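Only one structure is covered here, and it is reproduced in the block below.
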Amino acid sequence: MSIIASALAALTLASCADEIEMRRPPVFELPDLPVVDDIHTFKAPLYWSVYEYCYTREQQGDKNIDITPDEWDRIIDWVATDLKPAGYDMICTDGFISMDAKDASGYMTDYGSISLRELVAKCKAKGLKLGVYDNPLWIHGPRETLVDGTYYNFGQLYYNGTADVMNPNATDIWFNWAVAENPGAKEYIDGFFKHYKELGVEYIRMDFLSWYEDGKDRNIGTVGRGYGRESYARALNYICESAKKYGIFTSLVMPHLYNDAEVEAKYGNMVRIVADTGTGGWRHCSAQDKGKSYTTWPNCMNMFDGFVYWSHIAGRGNVILDGDFIRLNTFSNDDEKETVVSLQLMAGGPVTVADQYFNIGNNLKFYTNSEMLELNTDGFVGKPLSDKLNDRNNEIWYGQMSNGDYVVGLFNRDDSPRSYSLDLADLGISGTYNARDLWRHTEEPNISTIKANVPAHGCKIVRLSK
C-alpha cells in the first residue's frame, strides 16, 4: 500500500541486520489444550500503579519499601479526585513490597503493613477497585497448608524431582513455584482466584512467567529449573479457566511469547510486549534498542517497537497489548507526553499512571484528555501501516471506531520535525471527512488529505467523521 507522505520514501530505513525475527524457530509442539471461549471481552483498563513509588525508592537503596495506611489514604484520595472522573477506576499493587500470607488459606493476605482486605475497603469507599500483583503459580503459605477441597498440601505442589525440567542442575531463585502437573495444582490455582474474588479483587497482574516456562532470562541467564513449554501452557489453561469462572481480568507479564504468542493470546486477557518501564522517558517509549527484537523476554525494549511488532495479534475481541507503566514526569516536553499516551490508546492498550500526587505537576491534563480517552471507552484498537520495525510506515496508525469514525495517528520518532501529507485514500478511506485534532481540539472540514508538521518526538491524532 503506497503512502504519500513528504520525505517518507527517502526516510524509510533498510532492515536492521541486528533484528531477530521471533516469529521463526524455535517452534514448540503442544498437545491439544481446551479452548476457553469468550475471554476477550474486556476493554483495556485505566488505572494507577504503585510502580514508580516503589521503583524510585529501590533505586535510592531502600531495603524495606512500604506504604503506610496513611499514605494509602493520600494516594487513594488523589486518584479518586483527579483521575477517577476521567475513567481511571482502579489502583494496583506491584512487586517491591512484601506479599504475605497470614491466614489459614495460605494465599496472600497482606501487602506490606496493610491487609488487602483493608486496602480493598479503602478503595471501595472512594469508588475505586483494587488490582493485585500476584501469580497463581507462586506459593506464599506454609508447606503443610491444605489445598482447599483436597487432601493435598502446599508442599506437594513444589517440584518433587521426578518431572523433566529444562535446567536440571539449577534451583529456582526468588519464587516458590507450584508445578502445574502436580496433584492439587489445578485446585490450588482455582482457590487463588476464589480467594481474590471473595476479597473483591478482579484484576491480577502476574509476573515472571518466562522464568517458570524455561528458567531463562536474557539479561541474567539461568534463573530456575524451567518447567517446560507443556507445563507452562497447562498452567495458563488452568489460570484462564478459573479467572473466567470468577470474572477476574488476567494481565500476563514477562512472557517469552514463543510461537507468535500462541499460548498467551489464547489464555490471557492482556500481555506485556515490552521491557519494564524503569527510568521511563523517551528511552522507554521509543529509543531503547530501537528497531531490534529478540527471541526471548524482553522481546522489544521500547513501547513503540513492542506495539508495532505485536500489532498483528491485537484487535477487537483479541488479547490486549500492554506497553507497561507511564511516568510522564520523566519526559522532556509536552510533545513526548502526548506521544506516549496516544501510542497506548491508538494500540488499544491500557493507560497506567505511575506518576504520584506529589510529582504529577501539570501532567494530569495528558492523562485526562476526554477526546483521547473516548478511544478506550469505545474499545478502539488501531494498527500501524507496517508491523516491520524498521519501516517508517509503522509510524502511521489508523483504525475505526464502533460508530464508523476513523482515527488516524501520525507519529514522529525522529529528533527533528517532519512533514506529512497523507491521502485518506491510501488508508482505504474514500470521500471527504471532517477532521478533529484530538490534542489541539480544533476542526478542519471536508478534507481528503491530512497535512501536518509533526514536531520531534511528537504526534498528531485526528478523528475523521462524516
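Lettering and numbering for the C-alpha cells are positional, with chains as A, B, ... in the shown order, residues counted from 1 in each chain, and ligands counted from 1 in the shown order.
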
Could you pull the residues within 12 Å of Ile220 in chain A, counting only C-alpha atoms, minus those fewer than 6 positions along the same chain, as a list in words?
->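 Using only C-alpha atoms, the neighbours found are Ile173, Trp211, Trp297 and Pro298 of chain A.
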
Skipping near chain neighbours, those fewer than 3 positions away, what residues fall within 7 Å of Gly268 in chain A using only C-alpha atoms, listed as a PyMOL selection string?
-> chain A and resi 240+250-252+264-265+271+319

Based on DSSP run over this structure's backbone, return all residues of range 120-208 of chain A in alpha helix (DSSP H), as a PyMOL selection string.
-> chain A and resi 120-125+185-199

Filtering to N, CA and C atoms, could you give me those residues as a PDB file, in the first residue's frame?
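Saved as selection-v8.pdb:
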ATOM      1  N   VAL A 120      -8.757  -2.965  50.027  1.00  0.00           N
ATOM      2  CA  VAL A 120      -9.965  -3.044  49.195  1.00  0.00           C
ATOM      3  C   VAL A 120     -11.048  -2.109  49.734  1.00  0.00           C
ATOM      4  N   ALA A 121     -11.215  -2.114  51.067  1.00  0.00           N
ATOM      5  CA  ALA A 121     -12.246  -1.274  51.688  1.00  0.00           C
ATOM      6  C   ALA A 121     -11.954   0.209  51.482  1.00  0.00           C
ATOM      7  N   LYS A 122     -10.682   0.589  51.613  1.00  0.00           N
ATOM      8  CA  LYS A 122     -10.310   1.987  51.400  1.00  0.00           C
ATOM      9  C   LYS A 122     -10.619   2.422  49.966  1.00  0.00           C
ATOM     10  N   CYS A 123     -10.299   1.561  49.004  1.00  0.00           N
ATOM     11  CA  CYS A 123     -10.571   1.881  47.607  1.00  0.00           C
ATOM     12  C   CYS A 123     -12.077   1.954  47.350  1.00  0.00           C
ATOM     13  N   LYS A 124     -12.789   0.959  47.851  1.00  0.00           N
ATOM     14  CA  LYS A 124     -14.232   0.895  47.618  1.00  0.00           C
ATOM     15  C   LYS A 124     -14.946   2.122  48.176  1.00  0.00           C
ATOM     16  N   ALA A 125     -14.468   2.623  49.302  1.00  0.00           N
ATOM     17  CA  ALA A 125     -15.091   3.801  49.913  1.00  0.00           C
ATOM     18  C   ALA A 125     -14.985   5.026  49.024  1.00  0.00           C
ATOM     19  N   ALA A 185      -2.500 -28.980  41.918  1.00  0.00           N
ATOM     20  CA  ALA A 185      -2.129 -27.690  41.326  1.00  0.00           C
ATOM     21  C   ALA A 185      -3.339 -26.990  40.712  1.00  0.00           C
ATOM     22  N   LYS A 186      -4.170 -27.727  40.002  1.00  0.00           N
ATOM     23  CA  LYS A 186      -5.336 -27.108  39.382  1.00  0.00           C
ATOM     24  C   LYS A 186      -6.265 -26.532  40.445  1.00  0.00           C
ATOM     25  N   GLU A 187      -6.456 -27.299  41.528  1.00  0.00           N
ATOM     26  CA  GLU A 187      -7.315 -26.829  42.614  1.00  0.00           C
ATOM     27  C   GLU A 187      -6.699 -25.646  43.345  1.00  0.00           C
ATOM     28  N   TYR A 188      -5.365 -25.644  43.465  1.00  0.00           N
ATOM     29  CA  TYR A 188      -4.657 -24.533  44.099  1.00  0.00           C
ATOM     30  C   TYR A 188      -4.877 -23.250  43.303  1.00  0.00           C
ATOM     31  N   ILE A 189      -4.773 -23.346  41.972  1.00  0.00           N
ATOM     32  CA  ILE A 189      -4.978 -22.186  41.110  1.00  0.00           C
ATOM     33  C   ILE A 189      -6.417 -21.694  41.206  1.00  0.00           C
ATOM     34  N   ASP A 190      -7.362 -22.625  41.225  1.00  0.00           N
ATOM     35  CA  ASP A 190      -8.763 -22.231  41.358  1.00  0.00           C
ATOM     36  C   ASP A 190      -9.000 -21.539  42.696  1.00  0.00           C
ATOM     37  N   GLY A 191      -8.384 -22.061  43.759  1.00  0.00           N
ATOM     38  CA  GLY A 191      -8.520 -21.437  45.075  1.00  0.00           C
ATOM     39  C   GLY A 191      -7.932 -20.040  45.119  1.00  0.00           C
ATOM     40  N   PHE A 192      -6.872 -19.814  44.354  1.00  0.00           N
ATOM     41  CA  PHE A 192      -6.248 -18.492  44.247  1.00  0.00           C
ATOM     42  C   PHE A 192      -7.273 -17.467  43.752  1.00  0.00           C
ATOM     43  N   PHE A 193      -7.947 -17.783  42.654  1.00  0.00           N
ATOM     44  CA  PHE A 193      -8.908 -16.836  42.092  1.00  0.00           C
ATOM     45  C   PHE A 193     -10.152 -16.709  42.966  1.00  0.00           C
ATOM     46  N   LYS A 194     -10.558 -17.785  43.580  1.00  0.00           N
ATOM     47  CA  LYS A 194     -11.688 -17.713  44.513  1.00  0.00           C
ATOM     48  C   LYS A 194     -11.353 -16.797  45.685  1.00  0.00           C
ATOM     49  N   HIS A 195     -10.133 -16.914  46.198  1.00  0.00           N
ATOM     50  CA  HIS A 195      -9.652 -16.080  47.299  1.00  0.00           C
ATOM     51  C   HIS A 195      -9.758 -14.601  46.952  1.00  0.00           C
ATOM     52  N   TYR A 196      -9.278 -14.232  45.754  1.00  0.00           N
ATOM     53  CA  TYR A 196      -9.288 -12.820  45.378  1.00  0.00           C
ATOM     54  C   TYR A 196     -10.695 -12.323  45.066  1.00  0.00           C
ATOM     55  N   LYS A 197     -11.499 -13.169  44.459  1.00  0.00           N
ATOM     56  CA  LYS A 197     -12.869 -12.762  44.196  1.00  0.00           C
ATOM     57  C   LYS A 197     -13.602 -12.455  45.505  1.00  0.00           C
ATOM     58  N   GLU A 198     -13.386 -13.276  46.516  1.00  0.00           N
ATOM     59  CA  GLU A 198     -14.022 -13.057  47.814  1.00  0.00           C
ATOM     60  C   GLU A 198     -13.502 -11.792  48.493  1.00  0.00           C
ATOM     61  N   LEU A 199     -12.257 -11.414  48.197  1.00  0.00           N
ATOM     62  CA  LEU A 199     -11.712 -10.159  48.730  1.00  0.00           C
ATOM     63  C   LEU A 199     -12.263  -8.937  47.987  1.00  0.00           C
TER      64      LEU A 199
END

In Å, with one decimal, what is the gap from CA of Arg143 in chain A to CA of Ala104 in chain A?
->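 Pair CA of Arg143 in chain A / CA of Ala104 in chain A returns 11.7 Å.
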
Gly431 in chain A environment, 9 Å, only C-alpha atoms, sequence neighbours closer than 5 positions dropped, as a compact mmCIF listing (two decimals) with N, CA, C and O atoms, in the first residue's frame:
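What ended up in part.txt:
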# COMPACT_ATOMS: atom_id res chain seq x y z
N LEU A 424 -6.20 10.16 2.44
CA LEU A 424 -7.05 9.17 3.12
C LEU A 424 -7.27 7.94 2.24
O LEU A 424 -7.43 6.83 2.74
N ALA A 425 -7.26 8.14 0.93
CA ALA A 425 -7.44 7.01 0.02
C ALA A 425 -6.35 5.97 0.20
O ALA A 425 -6.58 4.78 -0.05
N ASN A 446 -14.23 18.82 5.62
CA ASN A 446 -14.17 18.36 4.22
C ASN A 446 -12.76 18.14 3.70
O ASN A 446 -12.34 18.75 2.72
N ILE A 447 -12.02 17.29 4.34
CA ILE A 447 -10.66 17.00 3.89
C ILE A 447 -10.59 15.60 3.29
O ILE A 447 -11.34 14.70 3.67
N SER A 448 -9.67 15.42 2.38
CA SER A 448 -9.35 14.09 1.85
C SER A 448 -7.87 13.79 2.03
O SER A 448 -7.41 12.71 1.70

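Residues lying within 10 Å of Pro350 in chain A, counting only C-alpha atoms and ignoring same-chain neighbours fewer than 6 positions away, are Lys43, Ala44, Pro45, Leu46, Tyr47, Met270, Ile320, Leu321, Asp322, Gly323, Asp324, Phe325, Val341, Gln344 and Asn376 of chain A.
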
Keeping only C-alpha atoms, write the selected residues to a file as a tab-separated table (two decimals), in the first residue's frame.
chain	number	residue	atom	x	y	z
A	43	LYS	CA	-11.56	-3.24	27.30
A	44	ALA	CA	-8.10	-2.12	28.32
A	45	PRO	CA	-8.02	-0.84	31.92
A	46	LEU	CA	-7.25	2.70	33.04
A	47	TYR	CA	-5.58	2.72	36.44
A	270	MET	CA	-3.66	-8.76	28.41
A	320	ILE	CA	-4.84	-6.64	24.74
A	321	LEU	CA	-1.26	-5.40	24.30
A	322	ASP	CA	0.31	-3.80	27.38
A	323	GLY	CA	3.08	-1.20	26.98
A	324	ASP	CA	3.72	-1.05	30.75
A	325	PHE	CA	3.55	1.97	33.04
A	341	VAL	CA	-0.35	8.48	25.93
A	344	GLN	CA	-1.15	3.32	24.19
A	376	ASN	CA	-10.53	3.47	25.31

Could you write out, as number ranges by chain, all the residues of range 25-192 of chain A that DSSP marks as strand (DSSP E)?
-> A: 46-49, 90-92, 99-100, 110-111, 114-115, 129-133

Those residues with C-alpha atoms, as a PDB file, in the first residue's frame please?
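What follows is the written file selection_38.pdb:
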ATOM      1  CA  LEU A  46      -7.251   2.704  33.038  1.00  0.00           C
ATOM      2  CA  TYR A  47      -5.580   2.720  36.441  1.00  0.00           C
ATOM      3  CA  TRP A  48      -2.853   3.945  38.781  1.00  0.00           C
ATOM      4  CA  SER A  49       0.094   1.770  39.850  1.00  0.00           C
ATOM      5  CA  MET A  90      -8.514   1.158  39.844  1.00  0.00           C
ATOM      6  CA  ILE A  91      -5.353   1.189  41.946  1.00  0.00           C
ATOM      7  CA  CYS A  92      -2.922  -1.713  41.555  1.00  0.00           C
ATOM      8  CA  MET A  99       3.491 -10.114  49.961  1.00  0.00           C
ATOM      9  CA  ASP A 100       2.462 -12.161  52.986  1.00  0.00           C
ATOM     10  CA  ASP A 110      -1.151  -8.559  53.314  1.00  0.00           C
ATOM     11  CA  TYR A 111       0.814  -6.105  51.214  1.00  0.00           C
ATOM     12  CA  ILE A 114      -1.660  -3.178  55.277  1.00  0.00           C
ATOM     13  CA  SER A 115      -4.050  -6.068  54.743  1.00  0.00           C
ATOM     14  CA  LYS A 129     -11.281  -1.046  42.681  1.00  0.00           C
ATOM     15  CA  LEU A 130      -8.081  -2.751  43.804  1.00  0.00           C
ATOM     16  CA  GLY A 131      -5.898  -4.740  41.437  1.00  0.00           C
ATOM     17  CA  VAL A 132      -3.235  -7.034  42.886  1.00  0.00           C
ATOM     18  CA  TYR A 133       0.226  -8.033  41.723  1.00  0.00           C
TER      19      TYR A 133
END

Could you check which of A:Tyr227, A:Ile239, A:Gly141, A:Ser286 is closest to Gly161 in chain A, using only C-alpha atoms?
->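 Between A:Tyr227, A:Ile239, A:Gly141, A:Ser286, the residue approaching Gly161 in chain A most closely is A:Tyr227.
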
Residue contacts of range 56-66 of chain A (8 Å, only C-alpha atoms) excluding same-chain residues fewer than 4 positions away, as a VMD selection string = chain A and resid 52 96 to 98 112 to 113
